[in-house]
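Colleague: Below is the file start.txt, with compact mmCIF, C-alpha atoms.
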# COMPACT_ATOMS: atom_id res chain seq x y z
CA MET A 1 -46.30 5.24 -12.08
CA TRP A 2 -47.54 4.64 -15.53
CA PHE A 3 -45.20 1.93 -16.58
CA SER A 4 -45.69 -0.36 -13.67
CA THR A 5 -49.45 -0.35 -13.47
CA GLY A 6 -50.13 -3.09 -15.92
CA ARG A 7 -49.87 -1.25 -19.20
CA ARG A 8 -48.07 -4.06 -20.85
CA GLY A 9 -48.22 -2.43 -24.26
CA LEU A 10 -46.01 0.43 -23.15
CA THR A 11 -43.55 -1.94 -21.51
CA GLY A 12 -43.42 -3.92 -24.73
CA VAL A 13 -42.62 -0.80 -26.73
CA LEU A 14 -39.87 -0.03 -24.25
CA GLY A 15 -38.48 -3.52 -24.73
CA TRP A 16 -38.42 -3.24 -28.50
CA LEU A 17 -36.81 0.18 -28.36
CA ALA A 18 -34.15 -1.19 -26.02
CA ALA A 19 -33.48 -4.13 -28.33
CA LEU A 20 -33.17 -1.85 -31.37
CA GLY A 21 -30.96 0.55 -29.45
CA LEU A 22 -28.69 -2.23 -28.26
CA LEU A 23 -28.38 -3.60 -31.80
CA ALA A 24 -27.56 -0.14 -33.14
CA GLY A 25 -25.10 0.42 -30.30
CA LEU A 26 -23.43 -2.91 -30.94
CA GLY A 27 -23.14 -2.19 -34.65
CA LEU A 28 -21.65 1.21 -34.00
CA ALA A 29 -19.28 -0.07 -31.32
CA LEU A 30 -17.96 -3.05 -33.26
CA GLY A 31 -18.38 -1.94 -36.86
CA VAL A 32 -18.49 1.81 -37.30
CA ALA A 33 -16.34 3.28 -34.54
CA PRO A 34 -12.69 3.16 -35.61
CA ARG A 35 -9.94 1.31 -33.81
CA GLU A 36 -8.53 3.46 -31.07
CA VAL A 37 -4.88 4.29 -31.77
CA SER A 38 -3.11 3.49 -28.52
CA GLN A 39 -5.25 0.75 -27.00
CA GLY A 40 -6.54 -1.02 -30.10
CA ASN A 41 -9.76 -2.98 -30.18
CA VAL A 42 -9.87 -3.48 -26.45
CA GLN A 43 -10.93 0.14 -26.05
CA ARG A 44 -14.34 -0.88 -27.44
CA ILE A 45 -15.13 -2.23 -23.96
CA MET A 46 -15.75 1.42 -23.09
CA TYR A 47 -19.07 1.28 -24.96
CA LEU A 48 -20.23 -1.33 -22.46
CA HIS A 49 -18.34 -0.08 -19.43
CA VAL A 50 -19.39 3.56 -19.33
CA PRO A 51 -23.11 3.08 -20.12
CA SER A 52 -23.26 0.37 -17.42
CA ILE A 53 -21.99 2.60 -14.65
CA LEU A 54 -24.14 5.54 -15.74
CA THR A 55 -27.17 3.24 -15.66
CA ALA A 56 -26.13 2.00 -12.22
CA TYR A 57 -25.97 5.57 -10.92
CA LEU A 58 -29.43 6.21 -12.30
CA ALA A 59 -30.69 3.05 -10.59
CA PHE A 60 -29.24 4.01 -7.20
CA ALA A 61 -30.65 7.52 -7.50
CA ILE A 62 -34.04 5.86 -8.01
CA VAL A 63 -33.45 3.74 -4.90
CA LEU A 64 -32.86 6.90 -2.86
CA VAL A 65 -35.90 8.72 -4.22
CA ALA A 66 -38.13 5.67 -3.82
CA SER A 67 -36.88 5.08 -0.27
CA LEU A 68 -37.69 8.67 0.68
CA GLY A 69 -41.01 8.33 -1.12
CA TYR A 70 -41.84 5.24 0.90
CA LEU A 71 -41.00 6.82 4.23
CA VAL A 72 -43.13 9.84 3.41
CA SER A 73 -46.15 8.09 1.90
CA ARG A 74 -45.86 4.51 3.26
CA ARG A 75 -47.11 3.21 -0.06
CA GLN A 76 -45.84 -0.23 -0.99
CA ALA A 77 -45.43 0.80 -4.64
CA TRP A 78 -42.40 2.90 -3.69
CA ASP A 79 -40.80 -0.14 -2.14
CA HIS A 80 -41.21 -2.14 -5.34
CA TRP A 81 -39.42 0.65 -7.16
CA ALA A 82 -36.60 0.77 -4.61
CA GLY A 83 -36.03 -2.98 -4.49
CA SER A 84 -36.22 -3.44 -8.26
CA ALA A 85 -33.93 -0.51 -8.99
CA ALA A 86 -31.41 -1.74 -6.39
CA GLU A 87 -31.29 -5.18 -7.99
CA LEU A 88 -30.71 -3.75 -11.45
CA GLY A 89 -28.22 -1.19 -10.18
CA THR A 90 -26.23 -3.97 -8.55
CA VAL A 91 -26.26 -5.97 -11.78
CA PHE A 92 -25.06 -2.98 -13.80
CA THR A 93 -22.37 -2.17 -11.22
CA GLY A 94 -21.21 -5.77 -11.41
CA LEU A 95 -21.13 -5.48 -15.19
CA THR A 96 -19.04 -2.32 -14.85
CA LEU A 97 -16.57 -3.99 -12.50
CA ALA A 98 -16.29 -7.09 -14.68
CA SER A 99 -15.88 -5.18 -17.94
CA GLY A 100 -13.44 -2.78 -16.28
CA SER A 101 -11.43 -5.73 -15.08
CA LEU A 102 -11.31 -7.16 -18.61
CA TRP A 103 -10.28 -3.76 -19.91
CA GLY A 104 -7.68 -3.27 -17.20
CA LYS A 105 -5.76 -6.48 -17.84
CA PRO A 106 -4.47 -5.61 -21.34
CA THR A 107 -4.13 -1.84 -20.76
CA TRP A 108 -2.88 -1.56 -17.18
CA GLY A 109 -1.47 -5.07 -16.91
CA THR A 110 -3.65 -6.04 -13.97
CA TRP A 111 -7.18 -7.28 -13.36
CA TRP A 112 -7.59 -5.08 -10.36
CA THR A 113 -5.90 -2.16 -8.70
CA TRP A 114 -6.87 -0.21 -5.62
CA ASP A 115 -7.30 2.98 -7.58
CA ALA A 116 -9.74 5.49 -6.09
CA ARG A 117 -12.48 5.06 -8.66
CA LEU A 118 -12.26 1.30 -8.69
CA THR A 119 -12.36 1.13 -4.94
CA SER A 120 -15.34 3.42 -4.51
CA THR A 121 -17.24 1.53 -7.21
CA ALA A 122 -16.46 -1.74 -5.44
CA VAL A 123 -17.63 -0.29 -2.11
CA MET A 124 -20.84 0.87 -3.80
CA PHE A 125 -21.31 -2.66 -5.14
CA VAL A 126 -20.93 -4.34 -1.74
CA THR A 127 -23.18 -1.73 -0.11
CA TYR A 128 -26.06 -2.58 -2.41
CA VAL A 129 -25.38 -6.31 -2.23
CA ALA A 130 -25.82 -5.90 1.53
CA TYR A 131 -29.04 -3.94 0.87
CA LEU A 132 -30.35 -6.85 -1.22
CA MET A 133 -29.32 -9.33 1.48
CA LEU A 134 -31.33 -7.40 4.04
CA ARG A 135 -34.34 -7.47 1.73
CA GLY A 136 -33.88 -11.17 1.16
CA MET A 137 -33.90 -12.00 4.85
CA ILE A 138 -37.17 -10.30 5.78
CA ASP A 139 -40.39 -12.02 4.79
CA GLU A 140 -43.00 -9.49 5.89
CA ALA A 141 -43.51 -6.98 3.13
CA GLU A 142 -44.13 -3.98 5.35
CA ARG A 143 -41.18 -4.54 7.66
CA ARG A 144 -38.95 -5.21 4.65
CA ALA A 145 -40.06 -1.96 3.06
CA GLN A 146 -39.40 0.03 6.24
CA PHE A 147 -35.93 -1.33 6.91
CA ALA A 148 -34.91 -1.24 3.27
CA ALA A 149 -36.01 2.37 2.98
CA VAL A 150 -33.80 3.37 5.91
CA LEU A 151 -30.85 1.43 4.54
CA GLY A 152 -31.44 2.81 1.05
CA ILE A 153 -31.13 6.33 2.42
CA VAL A 154 -28.04 5.55 4.51
CA ALA A 155 -26.37 3.83 1.56
CA ALA A 156 -27.02 6.66 -0.87
CA LEU A 157 -26.00 9.49 1.46
CA ASN A 158 -22.88 7.53 2.33
CA LEU A 159 -21.72 7.39 -1.30
CA PRO A 160 -20.26 10.93 -1.37
CA LEU A 161 -18.37 10.18 1.85
CA VAL A 162 -17.02 6.98 0.32
CA HIS A 163 -16.02 8.89 -2.79
CA PHE A 164 -14.02 11.56 -0.97
CA SER A 165 -12.46 9.25 1.60
CA VAL A 166 -11.25 6.83 -1.06
CA LEU A 167 -10.01 9.67 -3.24
CA TRP A 168 -7.93 11.13 -0.40
CA TRP A 169 -6.81 7.70 0.69
CA ARG A 170 -5.36 6.94 -2.72
CA THR A 171 -4.33 10.25 -4.13
CA LEU A 172 -2.75 12.15 -1.26
CA HIS A 173 0.12 9.71 -1.15
CA GLN A 174 0.47 8.54 -4.69
CA PRO A 175 -1.23 10.43 -7.47
CA PRO A 176 -2.66 8.11 -10.11
CA THR A 177 -0.36 8.88 -12.99
CA LEU A 178 -0.63 5.78 -15.14
CA LEU A 179 -3.68 4.08 -13.82
CA ARG A 180 -6.29 6.54 -14.94
CA PRO A 181 -7.71 6.30 -18.43
CA VAL A 182 -8.05 9.77 -19.92
CA PRO A 183 -10.91 9.90 -22.39
CA ALA A 184 -10.64 13.70 -22.30
CA ALA A 185 -11.46 14.75 -25.83
CA LEU A 186 -13.54 12.05 -27.42
CA ALA A 187 -13.83 12.44 -31.16
CA GLY A 188 -17.27 12.69 -32.75
CA ILE A 189 -17.81 9.07 -33.75
CA PHE A 190 -16.66 7.78 -30.36
CA ARG A 191 -19.01 10.21 -28.70
CA LEU A 192 -21.93 9.17 -30.90
CA THR A 193 -21.31 5.47 -30.28
CA LEU A 194 -21.11 6.05 -26.56
CA GLY A 195 -24.28 8.16 -26.63
CA VAL A 196 -26.28 5.54 -28.56
CA ASN A 197 -25.13 2.81 -26.20
CA TRP A 198 -25.96 4.91 -23.18
CA ALA A 199 -29.46 5.57 -24.49
CA ALA A 200 -29.87 1.86 -25.26
CA PHE A 201 -28.73 0.85 -21.78
CA THR A 202 -31.10 3.34 -20.21
CA LEU A 203 -33.97 1.93 -22.26
CA LEU A 204 -32.99 -1.60 -21.32
CA PHE A 205 -32.89 -0.56 -17.68
CA ALA A 206 -36.33 1.04 -17.91
CA TYR A 207 -37.72 -2.10 -19.55
CA LEU A 208 -36.21 -4.43 -16.96
CA LEU A 209 -37.32 -2.13 -14.15
CA ALA A 210 -40.90 -2.17 -15.35
CA LYS A 211 -40.82 -5.96 -15.63
CA ARG A 212 -39.18 -6.40 -12.23
CA ILE A 213 -41.64 -4.10 -10.51
CA ARG A 214 -44.46 -6.09 -12.07
CA VAL A 215 -42.98 -9.36 -10.85
CA GLY A 216 -42.55 -7.90 -7.37
CA ARG A 217 -46.14 -6.76 -7.26
CA LEU A 218 -47.52 -10.02 -8.58
CA SER A 219 -45.52 -12.11 -6.13
CA GLU A 220 -46.82 -9.99 -3.28
CA GLU A 221 -50.42 -10.27 -4.43
CA GLY A 222 -49.96 -14.00 -4.71
CA LEU A 223 -49.04 -14.33 -1.04
CA PRO A 224 -51.89 -15.03 1.38
CA MET B 1 -34.70 18.57 28.42
CA ARG B 2 -37.19 15.77 28.75
CA PHE B 3 -35.71 14.27 25.63
CA ALA B 4 -32.25 14.23 27.20
CA ARG B 5 -33.68 12.77 30.40
CA ARG B 6 -35.42 9.95 28.56
CA ALA B 7 -32.26 9.13 26.67
CA TRP B 8 -30.21 9.24 29.83
CA ILE B 9 -32.56 6.91 31.72
CA LEU B 10 -32.22 4.29 29.00
CA ALA B 11 -28.45 4.63 28.81
CA TRP B 12 -28.27 4.44 32.61
CA LYS B 13 -30.39 1.28 32.60
CA ASP B 14 -28.14 -0.39 30.04
CA LEU B 15 -24.96 0.64 31.79
CA THR B 16 -26.28 -0.53 35.17
CA ILE B 17 -27.12 -3.93 33.72
CA GLU B 18 -23.70 -4.07 32.15
CA TRP B 19 -22.02 -2.98 35.36
CA ARG B 20 -23.78 -5.64 37.41
CA ALA B 21 -23.49 -8.54 34.99
CA LYS B 22 -20.32 -7.43 33.19
CA GLU B 23 -21.28 -9.85 30.45
CA THR B 24 -20.11 -7.86 27.46
CA LEU B 25 -17.21 -6.10 29.12
CA ASN B 26 -15.57 -9.27 30.44
CA SER B 27 -15.89 -11.14 27.16
CA LEU B 28 -14.63 -8.19 25.17
CA PHE B 29 -11.63 -7.75 27.44
CA PHE B 30 -10.68 -11.34 26.83
CA PHE B 31 -11.46 -10.99 23.12
CA ALA B 32 -9.10 -8.01 22.91
CA LEU B 33 -6.36 -10.04 24.53
CA LEU B 34 -6.88 -12.88 22.06
CA LEU B 35 -6.83 -10.49 19.11
CA ILE B 36 -3.48 -9.12 20.23
CA PHE B 37 -2.14 -12.69 20.30
CA LEU B 38 -3.48 -13.20 16.78
CA PHE B 39 -1.91 -9.99 15.49
CA GLN B 40 1.40 -11.03 16.98
CA PHE B 41 1.22 -14.52 15.43
CA ALA B 42 0.18 -13.15 12.05
CA LEU B 43 2.90 -10.53 11.80
CA GLY B 44 5.76 -12.13 13.68
CA PRO B 45 8.18 -10.41 16.02
CA ASP B 46 9.45 -7.87 13.47
CA ARG B 47 9.00 -4.48 15.20
CA GLU B 48 9.25 -2.47 11.99
CA ARG B 49 6.46 -4.33 10.30
CA LEU B 50 4.36 -4.18 13.42
CA SER B 51 4.67 -0.43 13.87
CA ALA B 52 3.88 0.15 10.19
CA ALA B 53 0.68 -1.88 10.51
CA LEU B 54 -0.21 -0.56 13.96
CA PRO B 55 -2.96 1.99 13.09
CA GLY B 56 -4.72 -0.59 10.93
CA LEU B 57 -4.42 -3.29 13.58
CA LEU B 58 -5.70 -0.95 16.25
CA TRP B 59 -8.82 -0.16 14.25
CA LEU B 60 -9.25 -3.77 13.24
CA GLY B 61 -9.41 -4.54 16.94
CA PHE B 62 -11.80 -1.65 17.60
CA ILE B 63 -14.15 -2.63 14.80
CA LEU B 64 -14.17 -6.34 15.61
CA SER B 65 -14.94 -5.72 19.26
CA GLY B 66 -17.35 -2.96 18.21
CA LEU B 67 -19.24 -5.35 15.94
CA LEU B 68 -19.69 -7.74 18.84
CA SER B 69 -20.91 -5.17 21.33
CA LEU B 70 -23.02 -3.17 18.86
CA GLY B 71 -24.71 -6.30 17.60
CA ARG B 72 -25.92 -6.96 21.14
CA THR B 73 -27.44 -3.49 21.58
CA PHE B 74 -30.98 -4.79 21.70
CA ALA B 75 -30.21 -8.32 22.88
CA GLY B 76 -31.59 -7.59 26.36
CA GLU B 77 -34.88 -6.27 25.06
CA ARG B 78 -35.21 -9.07 22.55
CA ASP B 79 -34.32 -11.99 24.82
CA ASN B 80 -36.44 -10.81 27.72
CA ASP B 81 -39.44 -9.86 25.61
CA CYS B 82 -39.13 -6.20 26.51
CA TRP B 83 -39.24 -4.97 22.93
CA ASP B 84 -42.84 -3.82 23.24
CA GLY B 85 -41.95 -2.04 26.46
CA LEU B 86 -39.38 -0.11 24.53
CA ARG B 87 -41.87 0.69 21.79
CA LEU B 88 -44.54 1.77 24.24
CA ALA B 89 -42.23 4.12 26.12
CA PRO B 90 -43.80 7.58 25.98
CA GLY B 91 -42.25 10.43 24.06
CA GLU B 92 -40.18 10.57 20.96
CA LYS B 93 -38.67 7.32 19.79
CA SER B 94 -35.45 9.04 18.82
CA ALA B 95 -34.70 9.44 22.55
CA ILE B 96 -34.37 5.64 22.63
CA TYR B 97 -31.87 5.84 19.79
CA VAL B 98 -29.83 8.51 21.55
CA GLY B 99 -29.91 6.58 24.83
CA LYS B 100 -28.87 3.31 23.25
CA LEU B 101 -26.19 5.15 21.31
CA ALA B 102 -24.81 6.77 24.46
CA GLY B 103 -24.66 3.41 26.25
CA ASN B 104 -22.92 1.81 23.28
CA LEU B 105 -20.49 4.68 23.00
CA LEU B 106 -19.42 4.48 26.64
CA LEU B 107 -19.05 0.71 26.50
CA MET B 108 -17.04 0.83 23.27
CA LEU B 109 -14.78 3.60 24.58
CA ALA B 110 -14.11 1.55 27.71
CA VAL B 111 -13.17 -1.49 25.62
CA GLU B 112 -11.01 0.66 23.36
CA ALA B 113 -9.17 2.10 26.37
CA ILE B 114 -8.42 -1.45 27.51
CA PHE B 115 -7.30 -2.26 23.98
CA LEU B 116 -4.91 0.66 23.89
CA LEU B 117 -3.50 -0.33 27.26
CA LEU B 118 -2.93 -3.91 26.09
CA PHE B 119 -1.32 -2.67 22.88
CA GLY B 120 0.97 -0.46 24.92
CA VAL B 121 1.98 -3.33 27.18
CA PHE B 122 2.37 -6.12 24.66
CA PHE B 123 3.96 -4.16 21.84
CA ASP B 124 5.96 -1.90 24.15
CA LEU B 125 4.53 1.35 22.82
CA ASP B 126 4.62 4.72 24.45
CA LEU B 127 1.16 6.10 23.78
CA VAL B 128 1.18 8.86 26.40
CA ALA B 129 2.49 11.59 24.10
CA ALA B 130 -0.08 10.77 21.41
CA LEU B 131 -2.95 10.42 23.86
CA PRO B 132 -4.81 13.76 23.37
CA GLY B 133 -4.80 13.46 19.58
CA LEU B 134 -5.63 9.78 19.80
CA ALA B 135 -8.58 10.51 22.09
CA LEU B 136 -10.04 12.91 19.53
CA VAL B 137 -9.61 10.54 16.60
CA VAL B 138 -10.86 7.48 18.48
CA GLY B 139 -13.80 9.46 19.83
CA LEU B 140 -14.86 10.65 16.37
CA GLY B 141 -14.38 7.23 14.81
CA THR B 142 -16.22 5.39 17.57
CA LEU B 143 -19.14 7.79 17.32
CA GLY B 144 -19.29 7.06 13.59
CA LEU B 145 -19.32 3.33 14.24
CA ALA B 146 -21.87 3.51 17.03
CA ALA B 147 -24.24 5.92 15.25
CA VAL B 148 -24.84 3.57 12.31
CA GLY B 149 -24.31 0.45 14.42
CA THR B 150 -27.10 1.32 16.85
CA LEU B 151 -29.52 1.98 14.00
CA PHE B 152 -28.62 -1.25 12.18
CA ALA B 153 -28.71 -3.26 15.42
CA ALA B 154 -32.35 -2.27 15.88
CA MET B 155 -32.96 -3.17 12.25
CA THR B 156 -31.41 -6.63 12.45
CA ALA B 157 -32.74 -7.47 15.94
CA HIS B 158 -35.69 -9.39 14.50
CA VAL B 159 -34.17 -10.61 11.27
CA ARG B 160 -33.02 -14.17 10.83
CA ALA B 161 -29.28 -14.71 10.64
CA ARG B 162 -28.84 -11.34 12.35
CA GLU B 163 -25.33 -12.15 13.60
CA LEU B 164 -24.27 -12.51 9.97
CA LEU B 165 -26.34 -9.75 8.52
CA PHE B 166 -25.28 -7.07 11.00
CA PRO B 167 -21.59 -6.90 10.04
CA VAL B 168 -22.46 -7.33 6.37
CA LEU B 169 -24.68 -4.25 6.56
CA LEU B 170 -22.41 -2.18 8.75
CA LEU B 171 -18.97 -2.68 7.24
CA PRO B 172 -19.59 -1.27 3.74
CA VAL B 173 -21.20 1.83 5.22
CA GLU B 174 -18.29 2.35 7.59
CA VAL B 175 -15.64 2.47 4.87
CA PRO B 176 -15.20 6.28 5.03
CA VAL B 177 -15.01 6.23 8.83
CA LEU B 178 -12.42 3.46 8.83
CA LEU B 179 -10.25 5.07 6.16
CA GLY B 180 -10.38 8.40 7.97
CA THR B 181 -9.63 7.04 11.41
CA VAL B 182 -6.79 4.78 10.28
CA LYS B 183 -5.11 7.63 8.41
CA ALA B 184 -5.59 10.07 11.28
CA THR B 185 -4.40 7.51 13.85
CA GLU B 186 -1.32 6.90 11.75
CA ALA B 187 -0.49 10.60 11.75
CA VAL B 188 -1.13 10.93 15.48
CA LEU B 189 1.06 7.94 16.32
CA LEU B 190 3.85 9.38 14.18
CA GLY B 191 3.67 12.54 16.26
CA GLU B 192 2.41 14.76 13.47
CA PRO B 193 0.24 17.76 14.44
CA LEU B 194 -3.50 17.29 14.01
CA GLY B 195 -3.49 20.03 11.37
CA THR B 196 -2.00 17.63 8.85
CA VAL B 197 -5.07 15.41 9.05
CA ALA B 198 -7.63 18.20 9.38
CA HIS B 199 -9.39 17.06 6.20
CA TRP B 200 -9.87 13.59 7.66
CA LEU B 201 -11.20 14.98 10.93
CA LYS B 202 -13.63 17.15 8.98
CA LEU B 203 -14.75 14.14 6.97
CA LEU B 204 -15.33 12.17 10.18
CA ALA B 205 -17.27 15.07 11.67
CA VAL B 206 -19.44 15.42 8.55
CA ALA B 207 -20.02 11.66 8.47
CA ASN B 208 -21.08 11.71 12.13
CA VAL B 209 -23.52 14.55 11.55
CA ILE B 210 -25.06 12.70 8.60
CA TYR B 211 -25.29 9.38 10.47
CA LEU B 212 -26.75 10.94 13.60
CA THR B 213 -29.30 12.90 11.61
CA ILE B 214 -30.46 9.82 9.72
CA GLY B 215 -30.53 7.83 12.96
CA VAL B 216 -32.62 10.37 14.84
CA LEU B 217 -35.02 10.89 11.93
CA THR B 218 -35.59 7.25 10.97
CA PHE B 219 -35.38 5.43 14.28
CA ASP B 220 -39.14 5.38 14.87
CA VAL B 221 -39.56 3.61 11.53
CA VAL B 222 -36.99 0.98 12.52
CA LEU B 223 -38.42 0.47 15.99
CA ASP B 224 -41.95 -0.05 14.70
CA GLY B 225 -40.83 -2.49 12.03
Go ahead and express the file in the form of C-alpha cells.
Modeller:
Amino acid sequence: MWFSTGRRGLTGVLGWLAALGLLAGLGLALGVAPREVSQGNVQRIMYLHVPSILTAYLAFAIVLVASLGYLVSRRQAWDHWAGSAAELGTVFTGLTLASGSLWGKPTWGTWWTWDARLTSTAVMFVTYVAYLMLRGMIDEAERRAQFAAVLGIVAALNLPLVHFSVLWWRTLHQPPTLLRPVPAALAGIFRLTLGVNWAAFTLLFAYLLAKRIRVGRLSEEGLP
Amino acid sequence: MRFARRAWILAWKDLTIEWRAKETLNSLFFFALLLIFLFQFALGPDRERLSAALPGLLWLGFILSGLLSLGRTFAGERDNDCWDGLRLAPGEKSAIYVGKLAGNLLLMLAVEAIFLLLFGVFFDLDLVAALPGLALVVGLGTLGLAAVGTLFAAMTAHVRARELLFPVLLLPVEVPVLLGTVKATEAVLLGEPLGTVAHWLKLLAVANVIYLTIGVLTFDVVLDG
C-alpha cells in the first residue's frame, strides 16, 4: 500500500495532478466543449455527474475488496482502506444525486423521479450511509473493522440485486420513454471532455483516499 | 448431522423460552392489531383504495413486526449475560446462526399468519384461494428478511443505539426482497398464476442463497466481535 504508508511526496504529486486535471476538465467543460443542441448549457452538468458516479463505483469496489482483504488477513490497514473509500464513495454518490437533480429539473421538469437508475443509486447511497453509521457507533477499532467488513460485503453483493429488482419494478409496467437521457453517440469533443474529467475525478479520489487513510491511521495511533 | 443438531437445540431453546413467556408473540399480536387500525385510519373506508394498497400494507406490517422481533434475536443472551456461553459453545459458530435463524423464521411466520388472519377479518378479504401462492411468497420473503436480520442483530447487539441502528442497517439491504415480495403478493392476491411472477420468485431465491451464504460464512466474525 505504497500511497498510504507515509510517502507524502507521492501523495502531494497526486494532489497536484488532480488539481491540474480538474482545472483542465473545467476549462474543457465550460469553455471548449460546444453547447449541446437540445438541452443547452445545462447539459454541461454531465461532466460532473458522470465522473462522480464512476468514481463512486470505484470507491465501493474498493470497499468490497478491502472488506474481503480484512476478513482474510485481519490486518487493520485493510479496514482503513474500506472505511475511507466508503466515505468518499458516499460523498461522490451524493454529488451524483445532487447534480442529477439539478440536471433533471430543467430537462425532465422535476427534481426527482422514481426512475430505475435514480432509485438504485439512491438505495446505494442510503446503504453506504448506514455502513458509515455503523462505523461511527463502534469505538473499538477491531470490532468496528470486523462488523464493517461483513456489512461491506453484504452491501456490495446486494447491489446487483437492487439493480435488477428496481429495474423490473419500474420497467415492467411503464417503460422509461422520456425519462432516460440517451447519450448514445457522444461526439469527439464531448467524449474528450468527459474523459479528462473522469481522469481528474479519479486522481482527486486517489488523493483524498490517501489523505483519509493517513488521517484514519494517525487517529488510531493517537488513541491509548 | 451434528451441525443440524446444534442448530436445532438452539432454536428449540429459543422457542421454548418464547412459548413459556410469550413475551414477543403477545406484544407482536397486539402490535399487528394496532397497525391494522393505523392502516384503516390512514386510508379511510374506501375499499378500492385499500385493495390497491393491500400488498404494500401487508408487507409493511410484516417488516415492522419483523424489525421488532429480529432486533430482539440476541436480547436474551445479552440481558442475561449468556453471550460468552453462546461464544463458547463447541462446534462451528455458523450452527448458532442457523439455529437463531430458524427460531426467528418460525416466530415471524407465526406472527405473519396472525397478521393475515386479522387482515382477512378486518378488511373482509377472502384469502383462502390465494393461500398456497401466498405461502410460497411470504416464506421466501420472510427467509430473506430473517437471513440478513439475524446476522445484523448479532452485529448490533453490543452497539450503542442498537434499536435505531438495526432498522437503518437492515432496510436498505432489504430493498430487493421487499420489491419482489410486494410485486409477487400483488399478483397472487389478484389470482394470477405464479408463472407471471417467476422472475421475482427467482430473484428472491437468489437473494436468499446469497444472504444465507454470507451469514453462514461470516457469522463467526460477528459473534467474536
Colleague: Do you have the CA of Tyr128 in chain A-CA of Gly195 in chain A distance handy?
Modeller: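 Atom-to-atom, CA of Tyr128 in chain A and CA of Gly195 in chain A are spaced 26.6 Å apart.
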Colleague: Any idea what's packed within 12 Å of Leu157 in chain A, counting only C-alpha atoms, ignoring anything in its chain fewer than 2 positions away? Could you give it as number ranges by chain?
Modeller: A: 60-61, 63-65, 67-68, 124, 127, 150-155, 159-163; B: 173, 176, 206-211, 213-214
Colleague: Please, could you write that set of residues out with C-alpha atoms as a compact mmCIF listing (two decimals), in the coordinates of the input?
Modeller:
# COMPACT_ATOMS: atom_id res chain seq x y z
CA PHE A 60 -29.24 4.01 -7.20
CA ALA A 61 -30.65 7.52 -7.50
CA VAL A 63 -33.45 3.74 -4.90
CA LEU A 64 -32.86 6.90 -2.86
CA VAL A 65 -35.90 8.72 -4.22
CA SER A 67 -36.88 5.08 -0.27
CA LEU A 68 -37.69 8.67 0.68
CA MET A 124 -20.84 0.87 -3.80
CA THR A 127 -23.18 -1.73 -0.11
CA VAL A 150 -33.80 3.37 5.91
CA LEU A 151 -30.85 1.43 4.54
CA GLY A 152 -31.44 2.81 1.05
CA ILE A 153 -31.13 6.33 2.42
CA VAL A 154 -28.04 5.55 4.51
CA ALA A 155 -26.37 3.83 1.56
CA LEU A 159 -21.72 7.39 -1.30
CA PRO A 160 -20.26 10.93 -1.37
CA LEU A 161 -18.37 10.18 1.85
CA VAL A 162 -17.02 6.98 0.32
CA HIS A 163 -16.02 8.89 -2.79
CA VAL B 173 -21.20 1.83 5.22
CA PRO B 176 -15.20 6.28 5.03
CA VAL B 206 -19.44 15.42 8.55
CA ALA B 207 -20.02 11.66 8.47
CA ASN B 208 -21.08 11.71 12.13
CA VAL B 209 -23.52 14.55 11.55
CA ILE B 210 -25.06 12.70 8.60
CA TYR B 211 -25.29 9.38 10.47
CA THR B 213 -29.30 12.90 11.61
CA ILE B 214 -30.46 9.82 9.72
Colleague: Please determine, counting only C-alpha atoms, which residue among B:Ala205, B:Val121, B:Met155, B:Ala11 has the shortest atom-to-atom distance to chain A.
Modeller: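 Among the listed residues, the smallest separation from chain A belongs to B:Met155.
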Colleague: Please determine the contact residues of chain B with respect to chain A at a cut-off of 6 Å, counting all atoms listed in the file, and supply them as a PyMOL selection string.
Modeller: chain B and resi 169+172+176+225
Colleague: What would the list of residues within 10 Å of (-30.9, 5.7, -15.3) (file frame) look like as a tab-separated table (two decimals) with C-alpha atoms, keeping the file's coordinate frame, if all atoms listed in the file are what count?
Modeller:
chain	number	residue	atom	x	y	z
A	51	PRO	CA	-23.11	3.08	-20.12
A	52	SER	CA	-23.26	0.37	-17.42
A	53	ILE	CA	-21.99	2.60	-14.65
A	54	LEU	CA	-24.14	5.54	-15.74
A	55	THR	CA	-27.17	3.24	-15.66
A	56	ALA	CA	-26.13	2.00	-12.22
A	57	TYR	CA	-25.97	5.57	-10.92
A	58	LEU	CA	-29.43	6.21	-12.30
A	59	ALA	CA	-30.69	3.05	-10.59
A	60	PHE	CA	-29.24	4.01	-7.20
A	61	ALA	CA	-30.65	7.52	-7.50
A	62	ILE	CA	-34.04	5.86	-8.01
A	85	ALA	CA	-33.93	-0.51	-8.99
A	89	GLY	CA	-28.22	-1.19	-10.18
A	198	TRP	CA	-25.96	4.91	-23.18
A	199	ALA	CA	-29.46	5.57	-24.49
A	201	PHE	CA	-28.73	0.85	-21.78
A	202	THR	CA	-31.10	3.34	-20.21
A	203	LEU	CA	-33.97	1.93	-22.26
A	204	LEU	CA	-32.99	-1.60	-21.32
A	205	PHE	CA	-32.89	-0.56	-17.68
A	206	ALA	CA	-36.33	1.04	-17.91
Colleague: Select, from A:Leu14, A:Val42, A:Val215, A:Leu209, the residue with the minimum atom-to-atom distance to Trp103 in chain A, counting all atoms listed in the file.
Modeller: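 Of A:Leu14, A:Val42, A:Val215, A:Leu209, the one nearest Trp103 in chain A is A:Val42, counting all atoms listed in the file.
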Colleague: What does the distance between CA of Gly216 in chain A and CA of Ser84 in chain A come to in Å, to one decimal place?
Modeller: 7.8 Å
Colleague: Any idea what the distance is between CA of Leu109 in chain B and CA of Leu178 in chain B?
Modeller: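 Straight-line distance from CA of Leu109 in chain B to CA of Leu178 in chain B works out to 15.9 Å.
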Colleague: List the neighbours of range 65-73 of chain B out to 10 Å using all atoms listed in the file; skip same-chain residues closer than 4 positions along the sequence, and give me the result as JSON, numbers by chain.
Modeller: {"B": [14, 24, 25, 27, 28, 29, 31, 32, 35, 59, 60, 61, 77, 78, 100, 101, 103, 104, 105, 107, 108, 109, 111, 112, 115, 142, 145, 146, 147, 148, 149, 150, 151, 152, 153, 154, 156, 157, 162, 163, 164, 165, 166, 167, 170, 171]}
